[in-house]
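A.B. asks: Supplied in structure tokens, the structure appears directly below.
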Amino acid sequence: MSRCVVKVKDAQISLYQQENISSLNYVKNQNFQLRLTNWEKFHKGIHQYGLYSPDDPAIDSLLTDLVQEPIVDVEMKEGGTQLKLILTLSDEGILRHNAEIAAFHLDRILGFYRVPPTAGRLVNMTYDIKRLADHKLAKTFFISPAKNVCFHGSCSYYCDTGHAFCGNPDMLEGSLATFLPPDRIADRKTWRNPWKRSYSKHRKAYWEVYDDLCEKVKQRPPYDSGRRLLDLIDMHVFDFLTGNLDRHHYETFKDFGNYTFLLHLDNGRAFGKTIKDEMTILAPLYQCCMIRYSTFLKLVKLYTGPEKLSDIMKNSLTNDAISPILTEPHLYALDRRVIKILKELYVCLKNGSTIDEIFIDDSF
């Protein structure tokens with residue numbers, strides 16, 4: 001059995017090559033006799049440069065499992081401002097909504113492979129949740145005036161009848177994202193984003209006032225060498241495309257040290273406003289005036305075609321069980337934002353930065 005968190009409407013160097021066998025390496029090297037589930041195959045396939053490889057056949061199978069495997073247990077996750085449920089599926093295993101699904105597909109299209117596999121699912125609130133819930137969760141269920149089954153759970157702020165989740169009449173749409181390996185197998189490190197925004201009208205973050213933060217960041221680990229700064233810029237390019245302003249921290253797998261990818265987790269606040277493009281999300285790109293060359297080439301291809309990013313996303317999302325995932329304005333916003341990223345790089349060139357300074361080919 002596998003567990004998942006449910007958030008209701010939220011040439012590779014592998015570990016085989018490390019000298020010291022870590023807990024995740026240990027799992028990878030076991031000679032299992034039992035049939036591996038797709039969830040286990042996904043965990044074993046995590047490597048230094050991505051959560052999965054583009055040709056990994058287990059990923060599409062895993063997405064199917066997330067939609068079809070029966071739910072056999074439900075419990076509330078402690079902490080947080082919003083309701084989160086932990087589901088146990090009979091085989092594999094988070095329920096958030098369209099933003100998490102779309103973020104996975106965009107990440108896959110861009111070739112980052114840093115968002116856990118995520119799929120949409122219709123859940124029967126009576127059979128799949130209430131039937132399996134403990135008393136604390138079950139007592140929050142009620143029938144609305146419109147005769148729909150609703151519940152609100154328990155959390156810090158938004159768990160009350162005014163913020164309840166209601167079915168139609170008892171079917172609820174959500175998304176399930178695959179759990180990453182537990183800390184005892186693959187511990188993760190949380191890093192503060194240097195370009196974290198202040199969220200205050202009265203006290204701004206340093207980078208919101210001054211434009212020289214990049215030079216300061218480049219002088220301190222882990223940004224003073226290796227791939228980390230380019231990965232951070234990749235993350236902000238990704239967040240700009242999705243409209244996610246909430247990336248105040250990020251995580252990496254400890255076993256891989258500082259020379260590894262950043263996990264693009266918690267994308268539930270993405271794909272909000274379709275008209276406004278929040279340019280400050282791109283601050284690391286335009287303050288550093290640099291981008292990974294391979295990322296730049298992907299953006300140029302999405303601009304020149306023959307297929308635009310909106311078309312590729314639309315086709316990809318049609319395969320999801322609860323499609324449509326994004327509205328047409330959300331899709332068109334992706335194309336507009338690709339152009340704006342490229343315009344920022346043009347401004348860097350116009351202001352005197354050289355091609356070699358802007359486009360960094362680090363072989364990733």
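Residues in the structure tokens are numbered from 1 in each chain, the chains being A, B, ... in the order shown, and ligands are numbered from 1 in the order shown.
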Which of region 129-288 of chain A end up as alpha helix (DSSP H) when DSSP is run on this backbone - answer as a ChimeraX atom specification?
C.D. replies: /A:135-138,206-209,213-217,228-242,283-288
A.B. asks: Which of region 108-246 of chain A counts as strand (DSSP E or B) under DSSP, as JSON, numbers by chain please?
C.D. replies: {"A": [118, 119, 120, 121, 122, 123, 124, 142, 143, 149, 150, 151, 165, 166, 171, 172, 173, 174, 175, 176, 177, 188, 189, 190, 191, 192]}
A.B. asks: Excluding region 345-354 of chain A and its own-chain neighbours fewer than 3 positions away, which residues fall within 9 Å of it when counting only C-alpha atoms? Please give them as a PyMOL selection string.
C.D. replies: chain A and resi 285-286+289-291+340-342+357-359
A.B. asks: Quick one: write out the picked residues with all heavy atoms as a compact mmCIF listing (two decimals), in the first residue's frame?
C.D. replies:
```txt
# COMPACT_ATOMS: atom_id res chain seq x y z
N LEU A 285 16.36 36.43 -12.95
CA LEU A 285 16.79 36.42 -14.36
C LEU A 285 17.27 37.80 -14.80
O LEU A 285 18.36 37.94 -15.35
CB LEU A 285 15.63 35.94 -15.24
CG LEU A 285 15.94 35.86 -16.75
CD1 LEU A 285 15.31 34.61 -17.35
CD2 LEU A 285 15.40 37.09 -17.49
N TYR A 286 16.48 38.84 -14.53
CA TYR A 286 16.86 40.15 -15.05
C TYR A 286 17.88 40.88 -14.15
O TYR A 286 18.57 41.79 -14.59
CB TYR A 286 15.66 41.04 -15.37
CG TYR A 286 14.71 41.38 -14.24
CD1 TYR A 286 15.07 42.21 -13.19
CD2 TYR A 286 13.40 40.90 -14.26
CE1 TYR A 286 14.18 42.55 -12.18
CE2 TYR A 286 12.49 41.23 -13.26
CZ TYR A 286 12.88 42.06 -12.22
OH TYR A 286 11.99 42.38 -11.23
N CYS A 289 20.96 38.71 -15.18
CA CYS A 289 21.14 38.71 -16.64
C CYS A 289 21.82 37.43 -17.10
O CYS A 289 22.86 37.46 -17.79
CB CYS A 289 21.92 39.95 -17.09
SG CYS A 289 20.82 41.34 -17.51
N MET A 290 21.26 36.30 -16.70
CA MET A 290 21.78 35.02 -17.13
C MET A 290 20.68 33.98 -17.13
O MET A 290 19.69 34.11 -16.41
CB MET A 290 22.95 34.57 -16.24
CG MET A 290 22.59 34.40 -14.78
SD MET A 290 24.03 34.11 -13.70
CE MET A 290 24.56 32.51 -14.28
N ILE A 291 20.88 32.95 -17.95
CA ILE A 291 19.92 31.85 -18.05
C ILE A 291 20.66 30.63 -18.58
O ILE A 291 21.65 30.76 -19.33
CB ILE A 291 18.73 32.22 -18.97
CG1 ILE A 291 17.61 31.17 -18.87
CG2 ILE A 291 19.19 32.38 -20.42
CD1 ILE A 291 16.33 31.58 -19.60
N LYS A 340 7.72 37.48 -23.03
CA LYS A 340 8.23 38.44 -22.05
C LYS A 340 9.55 38.00 -21.43
O LYS A 340 10.40 38.83 -21.12
CB LYS A 340 7.17 38.70 -20.97
CG LYS A 340 5.97 39.48 -21.49
CD LYS A 340 5.07 39.98 -20.39
CE LYS A 340 3.96 40.86 -20.95
NZ LYS A 340 3.09 41.44 -19.90
N ILE A 341 9.73 36.69 -21.26
CA ILE A 341 11.02 36.19 -20.76
C ILE A 341 12.11 36.50 -21.77
O ILE A 341 13.20 36.99 -21.42
CB ILE A 341 10.94 34.67 -20.49
CG1 ILE A 341 9.93 34.37 -19.38
CG2 ILE A 341 12.32 34.13 -20.11
CD1 ILE A 341 9.61 32.90 -19.23
N LEU A 342 11.84 36.22 -23.03
CA LEU A 342 12.83 36.48 -24.08
C LEU A 342 13.11 37.98 -24.21
O LEU A 342 14.25 38.38 -24.48
CB LEU A 342 12.32 35.91 -25.41
CG LEU A 342 12.18 34.38 -25.46
CD1 LEU A 342 11.55 33.94 -26.77
CD2 LEU A 342 13.53 33.70 -25.26
N GLU A 357 28.00 35.92 -21.29
CA GLU A 357 27.61 36.21 -19.92
C GLU A 357 26.16 35.83 -19.65
O GLU A 357 25.81 35.41 -18.54
CB GLU A 357 27.81 37.70 -19.62
CG GLU A 357 29.26 38.13 -19.53
CD GLU A 357 29.41 39.64 -19.44
OE1 GLU A 357 28.50 40.37 -19.92
OE2 GLU A 357 30.43 40.10 -18.90
N ILE A 358 25.32 35.95 -20.67
CA ILE A 358 23.89 35.71 -20.48
C ILE A 358 23.52 34.23 -20.63
O ILE A 358 22.82 33.66 -19.77
CB ILE A 358 23.07 36.53 -21.48
CG1 ILE A 358 23.32 38.01 -21.27
CG2 ILE A 358 21.57 36.21 -21.36
CD1 ILE A 358 22.69 38.91 -22.33
N PHE A 359 24.01 33.59 -21.67
CA PHE A 359 23.59 32.22 -21.98
C PHE A 359 24.68 31.25 -21.52
O PHE A 359 25.72 31.13 -22.16
CB PHE A 359 23.31 32.08 -23.48
CG PHE A 359 22.35 33.12 -23.98
CD1 PHE A 359 22.77 34.14 -24.81
CD2 PHE A 359 21.01 33.08 -23.60
CE1 PHE A 359 21.89 35.11 -25.27
CE2 PHE A 359 20.12 34.06 -24.06
CZ PHE A 359 20.56 35.08 -24.89
```
A.B. asks: Compile the contact shell of region 63-67 of chain A as a PyMOL selection string: residues with an atom at most 6 Å away, counting only C-alpha atoms, same-chain residues fewer than 3 positions apart removed.
C.D. replies: chain A and resi 60+119+121
A.B. asks: Given the selection you just returned, output its residues as a file containing all heavy atoms, formatted as a PDB file, in the first residue's frame.
C.D. replies:
```pdb
ATOM      1  N   ASP A  60       3.788   7.259 -16.813  1.00  0.00           N
ATOM      2  CA  ASP A  60       2.417   7.233 -17.341  1.00  0.00           C
ATOM      3  C   ASP A  60       1.580   6.180 -16.631  1.00  0.00           C
ATOM      4  O   ASP A  60       0.382   6.388 -16.380  1.00  0.00           O
ATOM      5  CB  ASP A  60       2.434   6.972 -18.849  1.00  0.00           C
ATOM      6  CG  ASP A  60       2.894   8.193 -19.645  1.00  0.00           C
ATOM      7  OD1 ASP A  60       2.688   9.328 -19.162  1.00  0.00           O
ATOM      8  OD2 ASP A  60       3.475   8.016 -20.728  1.00  0.00           O
ATOM      9  N   ALA A 119      -2.076  13.771 -11.137  1.00  0.00           N
ATOM     10  CA  ALA A 119      -3.214  13.482 -12.010  1.00  0.00           C
ATOM     11  C   ALA A 119      -4.516  13.882 -11.334  1.00  0.00           C
ATOM     12  O   ALA A 119      -4.636  13.851 -10.107  1.00  0.00           O
ATOM     13  CB  ALA A 119      -3.254  11.991 -12.353  1.00  0.00           C
ATOM     14  N   ARG A 121      -8.579  13.481 -10.394  1.00  0.00           N
ATOM     15  CA  ARG A 121      -9.417  12.336 -10.026  1.00  0.00           C
ATOM     16  C   ARG A 121     -10.750  12.814  -9.458  1.00  0.00           C
ATOM     17  O   ARG A 121     -10.797  13.800  -8.724  1.00  0.00           O
ATOM     18  CB  ARG A 121      -8.693  11.459  -9.008  1.00  0.00           C
ATOM     19  CG  ARG A 121      -9.505  10.263  -8.523  1.00  0.00           C
ATOM     20  CD  ARG A 121      -8.622   9.304  -7.771  1.00  0.00           C
ATOM     21  NE  ARG A 121      -9.376   8.156  -7.261  1.00  0.00           N
ATOM     22  CZ  ARG A 121      -8.824   7.014  -6.861  1.00  0.00           C
ATOM     23  NH1 ARG A 121      -7.506   6.865  -6.903  1.00  0.00           N
ATOM     24  NH2 ARG A 121      -9.572   6.026  -6.411  1.00  0.00           N
TER      25      ARG A 121
END
```
A.B. asks: Quick one: everything within 8 Å of His249 (chain A), counting only C-alpha atoms, minus sequence neighbours fewer than 2 positions away in the same chain. Send it as an MDAnalysis selection string.
C.D. replies: chainID A and resid 190:193 196 247 251
A.B. asks: Taking 6 positions as the minimum chain separation for residues in the same chain, which residues sit within 8 Å of region 135-141 of chain A when counting only C-alpha atoms? Answer as a list in words.
C.D. replies: Glu75, Met76, Val149, Cys150, Phe151, His152, Gly153 and Ser154 of chain A
A.B. asks: Under the rule of at most 12 Å, produce a per-residue listing of region 132-208 of chain A near region 35-47 of chain A: chain, number, name, the closest pair of atoms, and the distance in Å, as a Markdown table, using only C-alpha atoms.
C.D. replies:
```
| residue | atom | partner | partner_atom | distance |
| --- | --- | --- | --- | --- |
| A:Ala177 | CA | A:Trp39 | CA | 10.9 |
| A:Thr178 | CA | A:Trp39 | CA | 7.5 |
| A:Phe179 | CA | A:Trp39 | CA | 8.4 |
| A:Leu180 | CA | A:His43 | CA | 7.0 |
| A:Pro181 | CA | A:His43 | CA | 6.2 |
| A:Pro182 | CA | A:His43 | CA | 9.9 |
| A:Ile185 | CA | A:His43 | CA | 9.9 |
| A:Ala186 | CA | A:His43 | CA | 9.4 |
```
A.B. asks: Leaving out Thr327 (chain A) and any residue of its chain fewer than 2 positions from it, which residues lie within 10 Å of it when counting only C-alpha atoms, given as a list in words?
C.D. replies: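 Surrounding residues, per the criterion: Phe271, Thr274, Lys314, Pro324, Ile325, Pro329, His330, Leu331 and Tyr332 of chain A.
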A.B. asks: With N, CA and C atoms retained, could you export that selection as a compact mmCIF listing (two decimals), in the first residue's frame?
C.D. replies:
```txt
# COMPACT_ATOMS: atom_id res chain seq x y z
N PHE A 271 -1.28 29.51 -11.73
CA PHE A 271 -2.36 29.62 -12.69
C PHE A 271 -3.58 30.34 -12.11
N THR A 274 -5.01 35.59 -15.18
CA THR A 274 -4.62 35.34 -16.56
C THR A 274 -4.19 36.62 -17.28
N LYS A 314 -2.26 22.26 -24.01
CA LYS A 314 -3.65 21.85 -24.22
C LYS A 314 -3.74 20.38 -24.61
N PRO A 324 -11.33 19.50 -18.94
CA PRO A 324 -10.25 20.47 -19.12
C PRO A 324 -9.68 20.98 -17.78
N ILE A 325 -8.37 21.22 -17.79
CA ILE A 325 -7.66 21.64 -16.58
C ILE A 325 -7.48 23.15 -16.54
N PRO A 329 -7.85 31.43 -21.58
CA PRO A 329 -6.99 32.57 -21.19
C PRO A 329 -5.72 32.14 -20.46
N HIS A 330 -5.78 31.07 -19.65
CA HIS A 330 -4.57 30.57 -18.99
C HIS A 330 -3.58 30.06 -20.02
N LEU A 331 -4.06 29.38 -21.03
CA LEU A 331 -3.18 28.84 -22.07
C LEU A 331 -2.54 29.96 -22.88
N TYR A 332 -3.34 30.97 -23.25
CA TYR A 332 -2.80 32.10 -24.01
C TYR A 332 -1.77 32.88 -23.19
```
A.B. asks: Can you tell me how far CA of Val237 (chain A) sits from CA of Pro284 (chain A), in Å to one decimal?
C.D. replies: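 Rounded to one decimal, the two atoms are 9.1 Å apart.
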A.B. asks: Using only C-alpha atoms, find the one residue out of A:Asp107, A:Thr118, A:Phe364, A:Met171 that sits nearest to Leu241 (chain A).
C.D. replies: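 Using only C-alpha atoms, the shortest distance to Leu241 (chain A) belongs to A:Asp107.
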A.B. asks: Please compute the CA of Ala102 (chain A)-CA of Ser363 (chain A) distance, one decimal, in Å.
C.D. replies: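 That distance, rounded to one decimal, is 27.2 Å.
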